[in-house]
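**Student:** What follows is a structure written as structure tokens; I'll ask about it next.
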Amino acid sequence: MKVKKTVFFAGLLVLAITFFGVALNNLLKRPASSSVVSESGNYLIENVPVRGWLVPFDDLAYLRITDKQDSNAVFRSPLYPRSAVDMGTHEDDVIVGIVWIDFYKRDQHFGIRVPEWKPHWLNSFISNTPYDIVGDD
């Protein structure tokens with residue numbers, strides 16, 4: 001009897017991990033709702049909405065920045081409220097980004113200035129790039 005319970009719970013655990021992995025992969029491969037190319041033409045900046053089983057009630061998104069000179073270099077920001085997004089771009093020698101979110105090219109990290117930004121438990125799975133929360137300007 002004890003072996004059957006152990007096998008049952010192990011099966012549930014494997015099923016839960018598989019479900020989580022598939023759902024997370026779907027979030028990472030999701031198409032962008034909007035995108036722009038940076039002023040230099042070197043970066044594709046995409047706003048990717050996050051909805052589904054893992055985020056059923058929040059209207060969140062993440063920024064995906066692809067270095068067009070190295071398509072394997074894809075940087076994902078932490079989650080932010082979709083209502084805060086403004087895809088107006090800016091770029092100089094140090095930074096490329098949109099309103100509220102900067103990507104520092106040299107050391108490859110994000111600076112998040114989204115008003116009232118709150119951490120989300122999925123950030124450690126979605127964001128593959130270090131980030132700093134910058135105080136209001």
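Following the order of the structure tokens, first chain is A, next is B, and so on, with residues numbered from 1 inside each chain and ligands from 1 in the order they appear.
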Within 9 Å of Asn42 in chain A, counting only C-alpha atoms, which residues qualify if same-chain residues fewer than 2 places away don't, as a PyMOL selection string?

**Tutor:** chain A and resi 37-40+44+66-69

**Student:** Got time to write the residues from that selection, N, CA, C and O atoms, as a tab-separated table (two decimals), in the first residue's frame?

**Tutor:**
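Output saved as selection39.tsv:
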chain	number	residue	atom	x	y	z
A	37	VAL	N	12.14	48.16	-34.13
A	37	VAL	CA	13.58	48.00	-34.33
A	37	VAL	C	14.23	49.26	-33.78
A	37	VAL	O	13.73	50.37	-33.97
A	38	SER	N	15.34	49.09	-33.07
A	38	SER	CA	16.04	50.23	-32.48
A	38	SER	C	16.52	51.19	-33.57
A	38	SER	O	16.59	50.83	-34.75
A	39	GLU	N	16.86	52.40	-33.16
A	39	GLU	CA	17.29	53.44	-34.11
A	39	GLU	C	18.49	53.00	-34.94
A	39	GLU	O	18.59	53.31	-36.12
A	40	SER	N	19.42	52.24	-34.33
A	40	SER	CA	20.60	51.78	-35.05
A	40	SER	C	20.29	50.60	-35.97
A	40	SER	O	21.08	50.28	-36.85
A	44	LEU	N	16.05	44.22	-32.05
A	44	LEU	CA	14.61	44.06	-32.17
A	44	LEU	C	14.04	44.08	-30.76
A	44	LEU	O	14.46	43.29	-29.91
A	66	THR	N	16.33	41.31	-28.93
A	66	THR	CA	17.19	40.42	-29.70
A	66	THR	C	18.25	41.25	-30.39
A	66	THR	O	17.94	42.23	-31.07
A	67	ASP	N	19.50	40.86	-30.20
A	67	ASP	CA	20.62	41.49	-30.89
A	67	ASP	C	20.60	40.95	-32.32
A	67	ASP	O	20.81	39.76	-32.55
A	68	LYS	N	20.32	41.81	-33.28
A	68	LYS	CA	20.17	41.37	-34.68
A	68	LYS	C	21.50	40.93	-35.30
A	68	LYS	O	21.50	40.24	-36.31
A	69	GLN	N	22.62	41.30	-34.66
A	69	GLN	CA	23.91	40.86	-35.16
A	69	GLN	C	24.26	39.47	-34.62
A	69	GLN	O	25.16	38.81	-35.13

**Student:** Running DSSP on the backbone, which parts of range 45-81 of chain A land in strand (DSSP E), as a list in words?

**Tutor:**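 Checking each residue of range 45-81 of chain A, the strand (DSSP E) ones are Ile45, Glu46, Asn47, Val48, Pro49, Val50, Arg51, Gly52, Val55, Pro56, Phe57, Asp58, Asp59, Leu60, Ala61, Tyr62, Leu63, Arg64, Ile65, Thr66, Asp67, Val74, Phe75, Arg76, Tyr80 and Pro81 of chain A.
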
**Student:** Please produce a file of the residues just selected, as a PDB file, in the first residue's frame, where the atoms kept are C-alpha atoms.

**Tutor:**
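Contents of the output file out25.pdb:
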ATOM      1  CA  ILE A  45      12.520  45.153 -29.165  1.00  0.00           C
ATOM      2  CA  GLU A  46       9.354  43.128 -28.525  1.00  0.00           C
ATOM      3  CA  ASN A  47       6.554  43.470 -25.989  1.00  0.00           C
ATOM      4  CA  VAL A  48       5.432  39.921 -25.149  1.00  0.00           C
ATOM      5  CA  PRO A  49       2.127  39.476 -23.274  1.00  0.00           C
ATOM      6  CA  VAL A  50       1.945  36.832 -20.570  1.00  0.00           C
ATOM      7  CA  ARG A  51      -1.436  35.217 -20.032  1.00  0.00           C
ATOM      8  CA  GLY A  52      -2.356  31.646 -19.298  1.00  0.00           C
ATOM      9  CA  VAL A  55      -0.672  34.039 -14.813  1.00  0.00           C
ATOM     10  CA  PRO A  56      -4.461  33.787 -14.958  1.00  0.00           C
ATOM     11  CA  PHE A  57      -5.463  37.127 -13.420  1.00  0.00           C
ATOM     12  CA  ASP A  58      -2.636  39.610 -14.047  1.00  0.00           C
ATOM     13  CA  ASP A  59      -2.225  41.522 -17.304  1.00  0.00           C
ATOM     14  CA  LEU A  60       1.562  41.291 -17.541  1.00  0.00           C
ATOM     15  CA  ALA A  61       4.222  41.306 -20.235  1.00  0.00           C
ATOM     16  CA  TYR A  62       7.977  41.136 -20.615  1.00  0.00           C
ATOM     17  CA  LEU A  63      10.378  42.850 -22.975  1.00  0.00           C
ATOM     18  CA  ARG A  64      12.354  40.623 -25.331  1.00  0.00           C
ATOM     19  CA  ILE A  65      15.366  42.269 -26.931  1.00  0.00           C
ATOM     20  CA  THR A  66      17.188  40.422 -29.701  1.00  0.00           C
ATOM     21  CA  ASP A  67      20.618  41.486 -30.890  1.00  0.00           C
ATOM     22  CA  VAL A  74      17.995  37.240 -26.665  1.00  0.00           C
ATOM     23  CA  PHE A  75      17.443  39.176 -23.443  1.00  0.00           C
ATOM     24  CA  ARG A  76      14.191  38.982 -21.467  1.00  0.00           C
ATOM     25  CA  TYR A  80       5.700  44.390 -15.823  1.00  0.00           C
ATOM     26  CA  PRO A  81       2.072  45.577 -16.132  1.00  0.00           C
TER      27      PRO A  81
END

**Student:** Going by DSSP on the backbone, which residues of chain A come out as alpha helix (DSSP H)? List them as a PyMOL selection string.

**Tutor:** chain A and resi 2-29+123-126

**Student:** Please list as number ranges by chain every residue within 12 Å of Ser124 in chain A, counting only C-alpha atoms and excluding residues in the same chain fewer than 2 positions away.

**Tutor:** A: 24, 76-79, 119-122, 126-131

**Student:** Taking C-alpha atoms for each residue, export the selection above as a PDB file, in the first residue's frame.

**Tutor:**
ATOM      1  CA  LEU A  24       6.661  28.143 -19.206  1.00  0.00           C
ATOM      2  CA  ARG A  76      14.191  38.982 -21.467  1.00  0.00           C
ATOM      3  CA  SER A  77      13.156  41.499 -18.820  1.00  0.00           C
ATOM      4  CA  PRO A  78      11.184  40.736 -15.674  1.00  0.00           C
ATOM      5  CA  LEU A  79       7.407  40.999 -15.876  1.00  0.00           C
ATOM      6  CA  PRO A 119       8.178  41.563  -8.352  1.00  0.00           C
ATOM      7  CA  HIS A 120       6.413  38.445  -9.602  1.00  0.00           C
ATOM      8  CA  TRP A 121       7.226  34.840  -8.736  1.00  0.00           C
ATOM      9  CA  LEU A 122       7.708  34.009 -12.454  1.00  0.00           C
ATOM     10  CA  ILE A 126      11.136  34.323 -17.488  1.00  0.00           C
ATOM     11  CA  SER A 127      13.875  36.927 -17.107  1.00  0.00           C
ATOM     12  CA  ASN A 128      17.212  35.591 -18.297  1.00  0.00           C
ATOM     13  CA  THR A 129      18.996  38.893 -17.780  1.00  0.00           C
ATOM     14  CA  PRO A 130      20.023  40.688 -14.574  1.00  0.00           C
ATOM     15  CA  TYR A 131      17.974  43.762 -13.741  1.00  0.00           C
TER      16      TYR A 131
END

**Student:** Within 6 Å of Ile101 in chain A, counting only C-alpha atoms, which residues qualify if same-chain residues fewer than 2 places away don't, as a ChimeraX atom specification?

**Tutor:** /A:97-99,111-113

**Student:** Mind giving me the straight-line distance from CA of Pro115 in chain A to CA of His90 in chain A in Å, one decimal?

**Tutor:**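 Interatomic distance, CA of Pro115 in chain A to CA of His90 in chain A: 18.4 Å.
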
**Student:** Just how far from CA of Leu28 in chain A is CA of Gly41 in chain A, in Å to one decimal?

**Tutor:** 23.3 Å

**Student:** Report, in Å with one decimal, the straight-line distance from CA of Phe110 in chain A to CA of Val94 in chain A.

**Tutor:** 11.7 Å
